[in-house]
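A.B. asks: entry_11.csv (CSV, N, CA and C atoms and all ligand atoms) pasted underneath:
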```
chain,number,residue,atom,x,y,z
B,1,MET,N,140.8,-120.4,6.4
B,1,MET,CA,141.8,-119.7,7.0
B,1,MET,C,142.9,-120.7,7.5
B,2,SER,N,144.2,-120.3,7.3
B,2,SER,CA,145.3,-121.2,7.6
B,2,SER,C,145.5,-121.2,9.1
B,3,PHE,N,146.2,-122.2,9.6
B,3,PHE,CA,146.4,-122.3,11.0
B,3,PHE,C,147.2,-121.1,11.5
B,4,LYS,N,148.1,-120.6,10.7
B,4,LYS,CA,148.9,-119.4,11.1
B,4,LYS,C,148.1,-118.2,11.3
B,5,HIS,N,147.2,-118.0,10.3
B,5,HIS,CA,146.3,-116.8,10.5
B,5,HIS,C,145.3,-117.0,11.7
B,6,GLY,N,144.9,-118.2,11.9
B,6,GLY,CA,144.0,-118.4,13.0
B,6,GLY,C,144.7,-118.0,14.3
B,7,LEU,N,145.9,-118.4,14.5
B,7,LEU,CA,146.7,-118.1,15.7
B,7,LEU,C,146.8,-116.6,15.8
B,8,LEU,N,147.2,-116.0,14.7
B,8,LEU,CA,147.3,-114.5,14.7
B,8,LEU,C,146.1,-113.8,15.2
B,9,LEU,N,145.0,-114.3,14.6
B,9,LEU,CA,143.7,-113.7,14.9
B,9,LEU,C,143.4,-113.8,16.4
B,10,THR,N,143.6,-115.1,16.9
B,10,THR,CA,143.3,-115.3,18.3
B,10,THR,C,144.2,-114.4,19.2
B,11,GLY,N,145.4,-114.3,18.8
B,11,GLY,CA,146.4,-113.4,19.5
B,11,GLY,C,145.9,-112.0,19.6
B,12,CYS,N,145.4,-111.5,18.5
B,12,CYS,CA,144.9,-110.1,18.4
B,12,CYS,C,143.7,-110.0,19.3
B,13,ILE,N,142.8,-110.9,19.3
B,13,ILE,CA,141.6,-110.8,20.1
B,13,ILE,C,142.0,-110.8,21.6
B,14,CYS,N,143.0,-111.7,21.9
B,14,CYS,CA,143.4,-111.7,23.3
B,14,CYS,C,144.0,-110.4,23.8
B,15,ILE,N,144.8,-109.8,22.9
B,15,ILE,CA,145.5,-108.5,23.3
B,15,ILE,C,144.4,-107.5,23.4
B,16,LEU,N,143.4,-107.4,22.5
B,16,LEU,CA,142.4,-106.5,22.6
B,16,LEU,C,141.6,-106.6,23.9
B,17,PHE,N,141.4,-107.9,24.3
B,17,PHE,CA,140.6,-108.2,25.5
B,17,PHE,C,141.4,-107.7,26.7
B,18,LEU,N,142.7,-108.0,26.7
B,18,LEU,CA,143.6,-107.6,27.8
B,18,LEU,C,143.6,-106.0,28.0
B,19,LEU,N,143.8,-105.4,26.8
B,19,LEU,CA,143.8,-103.9,26.8
B,19,LEU,C,142.6,-103.4,27.4
B,20,ASN,N,141.5,-103.9,26.9
B,20,ASN,CA,140.2,-103.5,27.3
B,20,ASN,C,140.0,-103.6,28.8
B,21,SER,N,140.3,-104.8,29.4
B,21,SER,CA,140.1,-105.0,30.8
B,21,SER,C,141.0,-104.0,31.6
B,22,CYS,N,142.2,-103.8,31.0
B,22,CYS,CA,143.2,-102.9,31.7
B,22,CYS,C,142.6,-101.5,31.8
B,23,VAL,N,142.0,-101.0,30.7
B,23,VAL,CA,141.5,-99.7,30.6
B,23,VAL,C,140.3,-99.5,31.6
B,24,SER,N,139.4,-100.5,31.7
B,24,SER,CA,138.3,-100.3,32.5
B,24,SER,C,138.7,-100.4,34.0
B,25,ASN,N,139.8,-101.2,34.3
B,25,ASN,CA,140.2,-101.2,35.7
B,25,ASN,C,140.7,-99.8,36.2
B,26,VAL,N,141.5,-99.2,35.3
B,26,VAL,CA,142.0,-97.9,35.6
B,26,VAL,C,140.9,-96.9,35.8
B,27,GLU,N,139.9,-97.0,34.9
B,27,GLU,CA,138.7,-96.1,35.1
B,27,GLU,C,138.0,-96.2,36.4
B,28,GLU,N,137.9,-97.5,36.9
B,28,GLU,CA,137.3,-97.7,38.2
B,28,GLU,C,138.0,-97.1,39.3
B,29,GLU,N,139.4,-97.1,39.2
B,29,GLU,CA,140.2,-96.5,40.3
B,29,GLU,C,140.1,-95.0,40.2
B,30,LEU,N,140.1,-94.4,39.0
B,30,LEU,CA,140.0,-93.0,38.9
B,30,LEU,C,138.7,-92.4,39.3
B,31,TYR,N,137.6,-93.1,38.9
B,31,TYR,CA,136.3,-92.7,39.2
B,31,TYR,C,135.5,-93.7,40.0
B,32,PRO,N,135.8,-93.9,41.3
B,32,PRO,CA,135.1,-94.9,42.0
B,32,PRO,C,133.6,-94.6,42.1
B,33,PRO,N,132.8,-95.7,42.0
B,33,PRO,CA,131.4,-95.5,42.0
B,33,PRO,C,131.0,-94.8,43.3
B,34,ASP,N,130.1,-93.9,43.3
B,34,ASP,CA,129.7,-93.2,44.5
B,34,ASP,C,128.8,-94.1,45.3
B,35,THR,N,129.4,-94.8,46.3
B,35,THR,CA,128.7,-95.7,47.1
B,35,THR,C,128.5,-95.3,48.5
B,36,CYS,N,128.9,-94.1,48.9
B,36,CYS,CA,128.8,-93.7,50.3
B,36,CYS,C,127.4,-93.2,50.5
B,37,ASP,N,126.6,-94.0,51.2
B,37,ASP,CA,125.3,-93.6,51.5
B,37,ASP,C,125.2,-93.0,52.9
B,38,THR,N,124.9,-91.7,53.0
B,38,THR,CA,124.9,-91.0,54.3
B,38,THR,C,123.4,-90.6,54.6
B,39,THR,N,122.5,-91.3,54.0
B,39,THR,CA,121.1,-90.9,54.2
B,39,THR,C,120.5,-91.5,55.4
B,40,GLN,N,121.1,-92.6,55.9
B,40,GLN,CA,120.4,-93.4,57.0
B,40,GLN,C,121.3,-93.3,58.2
B,41,VAL,N,122.1,-92.3,58.4
B,41,VAL,CA,123.0,-92.2,59.5
B,41,VAL,C,122.3,-92.0,60.9
B,42,THR,N,122.6,-92.9,61.8
B,42,THR,CA,122.1,-92.7,63.2
B,42,THR,C,123.3,-92.9,64.2
B,43,TYR,N,123.1,-92.4,65.4
B,43,TYR,CA,124.1,-92.6,66.4
B,43,TYR,C,124.3,-94.1,66.7
B,44,SER,N,123.2,-94.8,67.0
B,44,SER,CA,123.3,-96.2,67.4
B,44,SER,C,123.7,-97.1,66.3
B,45,GLY,N,123.2,-96.9,65.1
B,45,GLY,CA,123.4,-97.8,64.0
B,45,GLY,C,124.7,-97.5,63.3
B,46,THR,N,125.2,-96.3,63.2
B,46,THR,CA,126.3,-96.0,62.4
B,46,THR,C,127.5,-95.5,63.2
B,47,ILE,N,127.3,-94.4,64.0
B,47,ILE,CA,128.4,-93.7,64.6
B,47,ILE,C,129.0,-94.6,65.8
B,48,ALA,N,128.2,-95.1,66.7
B,48,ALA,CA,128.7,-95.8,67.8
B,48,ALA,C,129.6,-97.0,67.4
B,49,PRO,N,129.2,-97.8,66.4
B,49,PRO,CA,130.0,-98.9,65.9
B,49,PRO,C,131.4,-98.4,65.4
B,50,ILE,N,131.4,-97.3,64.7
B,50,ILE,CA,132.7,-96.8,64.1
B,50,ILE,C,133.6,-96.4,65.3
B,51,ILE,N,133.0,-95.7,66.2
B,51,ILE,CA,133.8,-95.2,67.4
B,51,ILE,C,134.3,-96.4,68.2
B,52,GLU,N,133.4,-97.3,68.4
B,52,GLU,CA,133.8,-98.5,69.2
B,52,GLU,C,135.0,-99.2,68.6
B,53,LEU,N,134.9,-99.5,67.3
B,53,LEU,CA,135.9,-100.2,66.6
B,53,LEU,C,137.2,-99.5,66.5
B,54,ASN,N,137.2,-98.2,66.3
B,54,ASN,CA,138.4,-97.4,65.9
B,54,ASN,C,139.0,-96.6,67.1
B,55,CYS,N,138.2,-96.4,68.1
B,55,CYS,CA,138.6,-95.4,69.2
B,55,CYS,C,138.7,-96.0,70.6
B,56,PHE,N,137.9,-97.1,70.8
B,56,PHE,CA,137.8,-97.6,72.2
B,56,PHE,C,139.1,-98.0,72.8
B,57,ALA,N,140.1,-98.4,71.9
B,57,ALA,CA,141.4,-98.9,72.4
B,57,ALA,C,142.0,-97.8,73.3
B,58,CYS,N,141.7,-96.5,73.1
B,58,CYS,CA,142.3,-95.4,73.8
B,58,CYS,C,141.3,-94.5,74.4
B,59,HIS,N,140.0,-94.7,74.1
B,59,HIS,CA,139.0,-93.7,74.5
B,59,HIS,C,137.8,-94.4,75.2
B,60,GLU,N,138.0,-95.6,75.8
B,60,GLU,CA,136.8,-96.2,76.5
B,60,GLU,C,136.9,-95.9,78.0
B,61,GLY,N,136.3,-94.9,78.4
B,61,GLY,CA,136.3,-94.6,79.9
B,61,GLY,C,137.3,-93.6,80.3
B,62,GLU,N,137.1,-93.0,81.5
B,62,GLU,CA,138.1,-92.0,81.9
B,62,GLU,C,139.5,-92.5,82.2
B,63,GLN,N,139.5,-93.8,82.5
B,63,GLN,CA,140.8,-94.4,82.9
B,63,GLN,C,141.6,-94.9,81.6
B,64,SER,N,141.0,-94.6,80.4
B,64,SER,CA,141.7,-95.0,79.2
B,64,SER,C,142.9,-94.2,78.9
B,65,LEU,N,143.7,-94.7,78.0
B,65,LEU,CA,145.0,-94.1,77.6
B,65,LEU,C,144.9,-92.6,77.4
B,66,SER,N,143.9,-92.2,76.7
B,66,SER,CA,143.7,-90.7,76.4
B,66,SER,C,143.2,-89.9,77.5
B,67,GLY,N,142.5,-90.6,78.4
B,67,GLY,CA,141.8,-89.9,79.5
B,67,GLY,C,140.5,-89.1,79.0
B,68,ILE,N,140.2,-89.3,77.7
B,68,ILE,CA,139.1,-88.7,77.1
B,68,ILE,C,138.1,-89.8,76.7
B,69,PRO,N,137.0,-90.0,77.5
B,69,PRO,CA,136.1,-91.0,77.2
B,69,PRO,C,135.2,-90.7,76.0
B,70,LEU,N,135.1,-91.6,75.1
B,70,LEU,CA,134.2,-91.4,73.9
B,70,LEU,C,133.1,-92.5,73.8
B,71,ASN,N,133.1,-93.3,74.8
B,71,ASN,CA,132.1,-94.4,74.9
B,71,ASN,C,130.8,-93.9,75.4
B,72,GLY,N,129.7,-94.3,74.7
B,72,GLY,CA,128.4,-93.8,75.1
B,72,GLY,C,128.1,-92.4,74.5
B,73,TYR,N,126.8,-92.2,74.3
B,73,TYR,CA,126.4,-91.0,73.6
B,73,TYR,C,126.8,-89.7,74.3
B,74,ASP,N,126.6,-89.6,75.6
B,74,ASP,CA,126.9,-88.3,76.3
B,74,ASP,C,128.4,-87.9,76.2
B,75,HIS,N,129.3,-88.9,76.3
B,75,HIS,CA,130.7,-88.6,76.2
B,75,HIS,C,131.1,-88.1,74.9
B,76,LEU,N,130.6,-88.8,73.8
B,76,LEU,CA,130.9,-88.4,72.5
B,76,LEU,C,130.3,-87.0,72.2
B,77,LYS,N,129.1,-86.8,72.6
B,77,LYS,CA,128.4,-85.5,72.4
B,77,LYS,C,129.2,-84.4,73.0
B,78,THR,N,129.8,-84.6,74.2
B,78,THR,CA,130.5,-83.6,74.9
B,78,THR,C,131.7,-83.1,74.0
B,79,MET,N,132.4,-84.1,73.4
B,79,MET,CA,133.6,-83.8,72.5
B,79,MET,C,133.1,-83.2,71.2
B,80,VAL,N,132.0,-83.6,70.7
B,80,VAL,CA,131.4,-83.0,69.5
B,80,VAL,C,131.1,-81.5,69.8
B,81,ASP,N,130.4,-81.3,70.9
B,81,ASP,CA,130.1,-79.9,71.3
B,81,ASP,C,131.3,-79.0,71.5
B,82,ALA,N,132.4,-79.7,72.0
B,82,ALA,CA,133.6,-78.9,72.2
B,82,ALA,C,134.3,-78.6,70.9
B,83,GLY,N,133.8,-79.2,69.8
B,83,GLY,CA,134.3,-78.9,68.5
B,83,GLY,C,135.7,-79.6,68.2
B,84,ARG,N,135.9,-80.7,68.9
B,84,ARG,CA,137.2,-81.3,68.8
B,84,ARG,C,137.2,-82.6,67.8
B,85,VAL,N,136.0,-83.1,67.5
B,85,VAL,CA,136.0,-84.4,66.8
B,85,VAL,C,136.4,-84.3,65.3
B,86,ILE,N,135.7,-83.4,64.5
B,86,ILE,CA,136.0,-83.4,63.1
B,86,ILE,C,137.5,-82.9,62.8
B,87,GLY,N,137.9,-81.9,63.5
B,87,GLY,CA,139.3,-81.5,63.3
B,87,GLY,C,140.3,-82.6,63.6
B,88,ALA,N,140.1,-83.4,64.6
B,88,ALA,CA,141.0,-84.5,64.9
B,88,ALA,C,140.9,-85.5,63.8
B,89,LEU,N,139.7,-85.9,63.4
B,89,LEU,CA,139.5,-86.9,62.4
B,89,LEU,C,140.0,-86.5,61.0
B,90,ARG,N,139.9,-85.2,60.7
B,90,ARG,CA,140.3,-84.7,59.4
B,90,ARG,C,141.8,-84.2,59.4
B,91,HIS,N,142.4,-84.4,60.6
B,91,HIS,CA,143.8,-84.1,60.7
B,91,HIS,C,144.1,-82.6,60.4
B,92,LEU,N,143.2,-81.8,60.9
B,92,LEU,CA,143.3,-80.3,60.7
B,92,LEU,C,144.4,-79.7,61.6
B,93,GLU,N,144.9,-78.6,61.3
B,93,GLU,CA,145.9,-77.9,62.1
B,93,GLU,C,145.3,-77.5,63.4
B,94,GLY,N,146.0,-77.7,64.5
B,94,GLY,CA,145.5,-77.3,65.8
B,94,GLY,C,144.8,-78.5,66.5
B,95,PHE,N,144.8,-79.6,65.9
B,95,PHE,CA,144.1,-80.8,66.5
B,95,PHE,C,145.1,-81.9,66.6
B,96,SER,N,144.9,-82.8,67.5
B,96,SER,CA,145.7,-84.1,67.5
B,96,SER,C,145.1,-85.0,66.5
B,97,PRO,N,145.9,-85.5,65.5
B,97,PRO,CA,145.3,-86.3,64.5
B,97,PRO,C,144.8,-87.7,65.1
B,98,MET,N,143.6,-88.1,64.7
B,98,MET,CA,143.0,-89.3,65.2
B,98,MET,C,142.6,-90.2,64.1
B,99,PRO,N,142.6,-91.5,64.2
B,99,PRO,CA,143.1,-92.2,65.4
B,99,PRO,C,144.6,-92.1,65.5
B,100,GLN,N,145.1,-91.9,66.7
B,100,GLN,CA,146.5,-91.6,67.0
B,100,GLN,C,147.4,-92.7,66.4
B,101,ASN,N,148.4,-92.3,65.7
B,101,ASN,CA,149.4,-93.2,65.1
B,101,ASN,C,148.8,-94.2,64.1
B,102,ALA,N,147.7,-93.8,63.4
B,102,ALA,CA,147.1,-94.6,62.4
B,102,ALA,C,146.6,-93.7,61.3
B,103,SER,N,146.3,-94.3,60.2
B,103,SER,CA,145.8,-93.5,59.1
B,103,SER,C,144.4,-93.1,59.3
B,104,SER,N,144.0,-92.1,58.6
B,104,SER,CA,142.6,-91.6,58.8
B,104,SER,C,141.6,-92.6,58.6
B,105,LEU,N,140.4,-92.4,59.1
B,105,LEU,CA,139.3,-93.3,58.9
B,105,LEU,C,139.0,-93.2,57.4
B,106,PRO,N,138.4,-94.3,56.8
B,106,PRO,CA,137.9,-94.2,55.4
B,106,PRO,C,137.0,-93.0,55.1
B,107,GLU,N,137.2,-92.4,53.9
B,107,GLU,CA,136.4,-91.2,53.6
B,107,GLU,C,134.9,-91.4,53.9
B,108,CYS,N,134.4,-92.5,53.5
B,108,CYS,CA,132.9,-92.7,53.7
B,108,CYS,C,132.5,-92.6,55.2
B,109,GLU,N,133.4,-93.2,56.1
B,109,GLU,CA,133.1,-93.1,57.5
B,109,GLU,C,133.2,-91.7,58.0
B,110,LEU,N,134.1,-90.9,57.5
B,110,LEU,CA,134.3,-89.5,57.8
B,110,LEU,C,133.0,-88.7,57.4
B,111,LEU,N,132.6,-89.0,56.2
B,111,LEU,CA,131.4,-88.3,55.6
B,111,LEU,C,130.1,-88.6,56.5
B,112,LYS,N,130.0,-89.9,57.0
B,112,LYS,CA,128.9,-90.2,57.8
B,112,LYS,C,129.0,-89.5,59.2
B,113,ILE,N,130.2,-89.4,59.7
B,113,ILE,CA,130.3,-88.7,61.0
B,113,ILE,C,130.0,-87.2,60.8
B,114,GLU,N,130.5,-86.7,59.7
B,114,GLU,CA,130.2,-85.2,59.5
B,114,GLU,C,128.7,-85.0,59.3
B,115,LYS,N,128.1,-85.9,58.6
B,115,LYS,CA,126.6,-85.8,58.4
B,115,LYS,C,125.9,-85.8,59.7
B,116,TRP,N,126.3,-86.7,60.5
B,116,TRP,CA,125.6,-86.9,61.8
B,116,TRP,C,125.8,-85.6,62.7
B,117,ILE,N,127.0,-85.0,62.6
B,117,ILE,CA,127.3,-83.8,63.4
B,117,ILE,C,126.6,-82.6,62.8
B,118,ASP,N,126.5,-82.6,61.4
B,118,ASP,CA,125.8,-81.5,60.8
B,118,ASP,C,124.3,-81.5,61.2
B,119,ASP,N,123.8,-82.7,61.4
B,119,ASP,CA,122.4,-82.9,61.8
B,119,ASP,C,122.1,-82.5,63.2
B,120,GLY,N,123.2,-82.2,63.9
B,120,GLY,CA,123.1,-81.8,65.4
B,120,GLY,C,123.4,-82.9,66.3
B,121,ALA,N,124.1,-84.0,65.8
B,121,ALA,CA,124.6,-85.1,66.6
B,121,ALA,C,123.5,-85.7,67.5
B,122,PRO,N,122.3,-86.1,66.8
B,122,PRO,CA,121.2,-86.6,67.6
B,122,PRO,C,121.5,-87.9,68.3
B,123,ASP,N,120.8,-88.2,69.4
B,123,ASP,CA,120.9,-89.5,70.1
B,123,ASP,C,119.8,-90.4,69.5
B,124,ASN,N,120.1,-90.9,68.3
B,124,ASN,CA,119.0,-91.7,67.7
B,124,ASN,C,119.5,-93.1,67.4
D,201,LIG,C1,146.1,-95.3,70.0
D,201,LIG,C2,145.3,-94.5,70.9
D,201,LIG,C3,144.2,-93.7,70.3
D,201,LIG,C4,143.3,-94.0,69.4
D,201,LIG,C5,143.1,-95.3,68.7
D,201,LIG,C6,142.4,-92.9,69.2
D,201,LIG,N1,142.8,-91.9,70.0
D,201,LIG,FE1,142.0,-90.0,70.2
D,201,LIG,N2,143.4,-89.5,71.6
D,201,LIG,C7,144.4,-90.3,72.0
D,201,LIG,C8,145.2,-89.6,73.0
D,201,LIG,C9,146.4,-90.1,73.8
D,201,LIG,C10,144.6,-88.3,73.1
D,201,LIG,C11,145.0,-87.1,74.0
D,201,LIG,C12,146.3,-86.5,73.7
D,201,LIG,C13,146.3,-85.8,72.4
D,201,LIG,O1,145.4,-84.9,72.2
D,201,LIG,O2,147.1,-86.1,71.5
D,201,LIG,C14,143.5,-88.2,72.2
D,201,LIG,C15,142.7,-87.1,71.9
D,201,LIG,C16,141.6,-87.1,71.1
D,201,LIG,C17,140.8,-86.0,70.9
D,201,LIG,C18,141.0,-84.6,71.3
D,201,LIG,C19,141.9,-84.0,70.3
D,201,LIG,C20,142.1,-82.5,70.3
D,201,LIG,O3,142.9,-82.0,69.5
D,201,LIG,O4,141.4,-81.9,71.1
D,201,LIG,C21,139.7,-86.4,70.1
D,201,LIG,C22,138.6,-85.6,69.6
D,201,LIG,C23,139.9,-87.8,69.8
D,201,LIG,N3,141.1,-88.2,70.5
D,201,LIG,C24,139.1,-88.6,69.1
D,201,LIG,C25,139.4,-89.8,68.7
D,201,LIG,C26,138.5,-90.6,67.8
D,201,LIG,C27,137.2,-90.1,67.3
D,201,LIG,C28,139.1,-91.8,67.6
D,201,LIG,C29,138.7,-92.9,66.7
D,201,LIG,C30,138.4,-92.6,65.4
D,201,LIG,C31,140.4,-91.8,68.3
D,201,LIG,N4,140.5,-90.6,69.0
D,201,LIG,C32,141.3,-92.8,68.4
D,201,LIG,C33,144.6,-91.6,71.7
D,201,LIG,C34,143.9,-92.3,70.7
```
How would this structure read if it were set down as structure tokens?
C.D. replies:
Amino acid sequence: MSFKHGLLLTGCICILFLLNSCVSNVEEELYPPDTCDTTQVTYSGTIAPIIELNCFACHEGEQSLSGIPLNGYDHLKTMVDAGRVIGALRHLEGFSPMPQNASSLPECELLKIEKWIDDGAPDN
């Protein structure tokens, strides 16, 4: 094979390789692997850390900015029972969208919170 043909061949293989990696990246974005595991959701292990990280800035105690405490199981359960949590987190009509002035929680965290509430919001 001549040097010229060799270059040409290498070039083609490179382009094929690039095209291929391009296509598989797009596929990953369109069809993300289903990695949201909601089978082991508990209040203490899953829910409390999400609330602490994303909500305590405005919801830790009655003196907090919102005046609506969500720290500790009893406080959160009260708001769950009032039916205010999912609507706020899912930005449904008639609810104040939460977290306030920020984008929604990641879908997987929302699914976990919904699972926990569907299970009766147990103190586990
Ligand atoms: C930047 C401050 C801020 C953050 C962060 C925040 N909230 Fe709020 N939240 C408020 C304020 C202020 C109110 C009361 C006024 C209102 O309803 O808009 C409120 C109200 C609520 C309500 C009642 C809404 C309704 O329509 O009845 C719920 C439920 C709630 N927050 C849940 C959460 C949860 C869960 C998080 C964390 C994922 C969160 N909030 C994060 C400020 C915040």
A.B. asks: Quick one: of B:Leu105, B:Ile117, B:Cys55, B:Leu76, who's nearest to ligand LIG 201 (chain D), counting all atoms listed in the file?
C.D. replies: B:Cys55
A.B. asks: Find the residues around Trp116 of chain B up to 8 Å (only N, CA and C atoms counted), leave out those fewer than 2 positions away in its own chain, and share them as a PDB file with N, CA and C atoms, in the coordinates of the input.
C.D. replies:
```pdb
ATOM      1  N   THR B  38     124.900 -91.700  53.000  1.00  0.00           N
ATOM      2  CA  THR B  38     124.900 -91.000  54.300  1.00  0.00           C
ATOM      3  C   THR B  38     123.400 -90.600  54.600  1.00  0.00           C
ATOM      4  N   VAL B  41     122.100 -92.300  58.400  1.00  0.00           N
ATOM      5  CA  VAL B  41     123.000 -92.200  59.500  1.00  0.00           C
ATOM      6  C   VAL B  41     122.300 -92.000  60.900  1.00  0.00           C
ATOM      7  N   THR B  42     122.600 -92.900  61.800  1.00  0.00           N
ATOM      8  CA  THR B  42     122.100 -92.700  63.200  1.00  0.00           C
ATOM      9  C   THR B  42     123.300 -92.900  64.200  1.00  0.00           C
ATOM     10  N   TYR B  43     123.100 -92.400  65.400  1.00  0.00           N
ATOM     11  CA  TYR B  43     124.100 -92.600  66.400  1.00  0.00           C
ATOM     12  C   TYR B  43     124.300 -94.100  66.700  1.00  0.00           C
ATOM     13  N   ILE B  47     127.300 -94.400  64.000  1.00  0.00           N
ATOM     14  CA  ILE B  47     128.400 -93.700  64.600  1.00  0.00           C
ATOM     15  C   ILE B  47     129.000 -94.600  65.800  1.00  0.00           C
ATOM     16  N   LEU B 110     134.100 -90.900  57.500  1.00  0.00           N
ATOM     17  CA  LEU B 110     134.300 -89.500  57.800  1.00  0.00           C
ATOM     18  C   LEU B 110     133.000 -88.700  57.400  1.00  0.00           C
ATOM     19  N   LEU B 111     132.600 -89.000  56.200  1.00  0.00           N
ATOM     20  CA  LEU B 111     131.400 -88.300  55.600  1.00  0.00           C
ATOM     21  C   LEU B 111     130.100 -88.600  56.500  1.00  0.00           C
ATOM     22  N   LYS B 112     130.000 -89.900  57.000  1.00  0.00           N
ATOM     23  CA  LYS B 112     128.900 -90.200  57.800  1.00  0.00           C
ATOM     24  C   LYS B 112     129.000 -89.500  59.200  1.00  0.00           C
ATOM     25  N   ILE B 113     130.200 -89.400  59.700  1.00  0.00           N
ATOM     26  CA  ILE B 113     130.300 -88.700  61.000  1.00  0.00           C
ATOM     27  C   ILE B 113     130.000 -87.200  60.800  1.00  0.00           C
ATOM     28  N   GLU B 114     130.500 -86.700  59.700  1.00  0.00           N
ATOM     29  CA  GLU B 114     130.200 -85.200  59.500  1.00  0.00           C
ATOM     30  C   GLU B 114     128.700 -85.000  59.300  1.00  0.00           C
ATOM     31  N   ASP B 118     126.500 -82.600  61.400  1.00  0.00           N
ATOM     32  CA  ASP B 118     125.800 -81.500  60.800  1.00  0.00           C
ATOM     33  C   ASP B 118     124.300 -81.500  61.200  1.00  0.00           C
ATOM     34  N   ASP B 119     123.800 -82.700  61.400  1.00  0.00           N
ATOM     35  CA  ASP B 119     122.400 -82.900  61.800  1.00  0.00           C
ATOM     36  C   ASP B 119     122.100 -82.500  63.200  1.00  0.00           C
ATOM     37  N   GLY B 120     123.200 -82.200  63.900  1.00  0.00           N
ATOM     38  CA  GLY B 120     123.100 -81.800  65.400  1.00  0.00           C
ATOM     39  C   GLY B 120     123.400 -82.900  66.300  1.00  0.00           C
ATOM     40  N   ALA B 121     124.100 -84.000  65.800  1.00  0.00           N
ATOM     41  CA  ALA B 121     124.600 -85.100  66.600  1.00  0.00           C
ATOM     42  C   ALA B 121     123.500 -85.700  67.500  1.00  0.00           C
ATOM     43  N   PRO B 122     122.300 -86.100  66.800  1.00  0.00           N
ATOM     44  CA  PRO B 122     121.200 -86.600  67.600  1.00  0.00           C
ATOM     45  C   PRO B 122     121.500 -87.900  68.300  1.00  0.00           C
TER      46      PRO B 122
END
```
A.B. asks: Quick check, in Å to one decimal: how far apart do atom CA of Thr35 of chain B and atom CA of Ala88 of chain B lie?
C.D. replies: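 Going from atom CA of Thr35 of chain B over to atom CA of Ala88 of chain B, I get 24.4 Å.
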A.B. asks: With distances taken over all atoms listed in the file, which of B:Met79, B:Leu70, B:Leu53, B:Cys108 is nearest to Cys36 of chain B?
C.D. replies: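 The shortest atom-to-atom distance to Cys36 of chain B comes from B:Cys108.
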A.B. asks: If you count all atoms listed in the file, which residues end up within 6 Å of ligand LIG 201 (chain D), as a list in words?
C.D. replies: Ile51, Asn54, Cys55, Phe56, Ala57, Cys58, His59, Leu65, Ser66, Arg84, Val85, Ala88, Gly94, Phe95, Ser96, Met98, Pro99, Gln100 and Asn101 of chain B
A.B. asks: Let's have the selection written as an mmCIF file, in the coordinates of the input, with N, CA and C atoms.
C.D. replies:
```cif
data_model
loop_
_atom_site.group_PDB
_atom_site.id
_atom_site.type_symbol
_atom_site.label_atom_id
_atom_site.label_comp_id
_atom_site.auth_asym_id
_atom_site.auth_seq_id
_atom_site.Cartn_x
_atom_site.Cartn_y
_atom_site.Cartn_z
ATOM 1 N N ILE B 51 133.000 -95.700 66.200
ATOM 2 C CA ILE B 51 133.800 -95.200 67.400
ATOM 3 C C ILE B 51 134.300 -96.400 68.200
ATOM 4 N N ASN B 54 137.200 -98.200 66.300
ATOM 5 C CA ASN B 54 138.400 -97.400 65.900
ATOM 6 C C ASN B 54 139.000 -96.600 67.100
ATOM 7 N N CYS B 55 138.200 -96.400 68.100
ATOM 8 C CA CYS B 55 138.600 -95.400 69.200
ATOM 9 C C CYS B 55 138.700 -96.000 70.600
ATOM 10 N N PHE B 56 137.900 -97.100 70.800
ATOM 11 C CA PHE B 56 137.800 -97.600 72.200
ATOM 12 C C PHE B 56 139.100 -98.000 72.800
ATOM 13 N N ALA B 57 140.100 -98.400 71.900
ATOM 14 C CA ALA B 57 141.400 -98.900 72.400
ATOM 15 C C ALA B 57 142.000 -97.800 73.300
ATOM 16 N N CYS B 58 141.700 -96.500 73.100
ATOM 17 C CA CYS B 58 142.300 -95.400 73.800
ATOM 18 C C CYS B 58 141.300 -94.500 74.400
ATOM 19 N N HIS B 59 140.000 -94.700 74.100
ATOM 20 C CA HIS B 59 139.000 -93.700 74.500
ATOM 21 C C HIS B 59 137.800 -94.400 75.200
ATOM 22 N N LEU B 65 143.700 -94.700 78.000
ATOM 23 C CA LEU B 65 145.000 -94.100 77.600
ATOM 24 C C LEU B 65 144.900 -92.600 77.400
ATOM 25 N N SER B 66 143.900 -92.200 76.700
ATOM 26 C CA SER B 66 143.700 -90.700 76.400
ATOM 27 C C SER B 66 143.200 -89.900 77.500
ATOM 28 N N ARG B 84 135.900 -80.700 68.900
ATOM 29 C CA ARG B 84 137.200 -81.300 68.800
ATOM 30 C C ARG B 84 137.200 -82.600 67.800
ATOM 31 N N VAL B 85 136.000 -83.100 67.500
ATOM 32 C CA VAL B 85 136.000 -84.400 66.800
ATOM 33 C C VAL B 85 136.400 -84.300 65.300
ATOM 34 N N ALA B 88 140.100 -83.400 64.600
ATOM 35 C CA ALA B 88 141.000 -84.500 64.900
ATOM 36 C C ALA B 88 140.900 -85.500 63.800
ATOM 37 N N GLY B 94 146.000 -77.700 64.500
ATOM 38 C CA GLY B 94 145.500 -77.300 65.800
ATOM 39 C C GLY B 94 144.800 -78.500 66.500
ATOM 40 N N PHE B 95 144.800 -79.600 65.900
ATOM 41 C CA PHE B 95 144.100 -80.800 66.500
ATOM 42 C C PHE B 95 145.100 -81.900 66.600
ATOM 43 N N SER B 96 144.900 -82.800 67.500
ATOM 44 C CA SER B 96 145.700 -84.100 67.500
ATOM 45 C C SER B 96 145.100 -85.000 66.500
ATOM 46 N N MET B 98 143.600 -88.100 64.700
ATOM 47 C CA MET B 98 143.000 -89.300 65.200
ATOM 48 C C MET B 98 142.600 -90.200 64.100
ATOM 49 N N PRO B 99 142.600 -91.500 64.200
ATOM 50 C CA PRO B 99 143.100 -92.200 65.400
ATOM 51 C C PRO B 99 144.600 -92.100 65.500
ATOM 52 N N GLN B 100 145.100 -91.900 66.700
ATOM 53 C CA GLN B 100 146.500 -91.600 67.000
ATOM 54 C C GLN B 100 147.400 -92.700 66.400
ATOM 55 N N ASN B 101 148.400 -92.300 65.700
ATOM 56 C CA ASN B 101 149.400 -93.200 65.100
ATOM 57 C C ASN B 101 148.800 -94.200 64.100
#
```
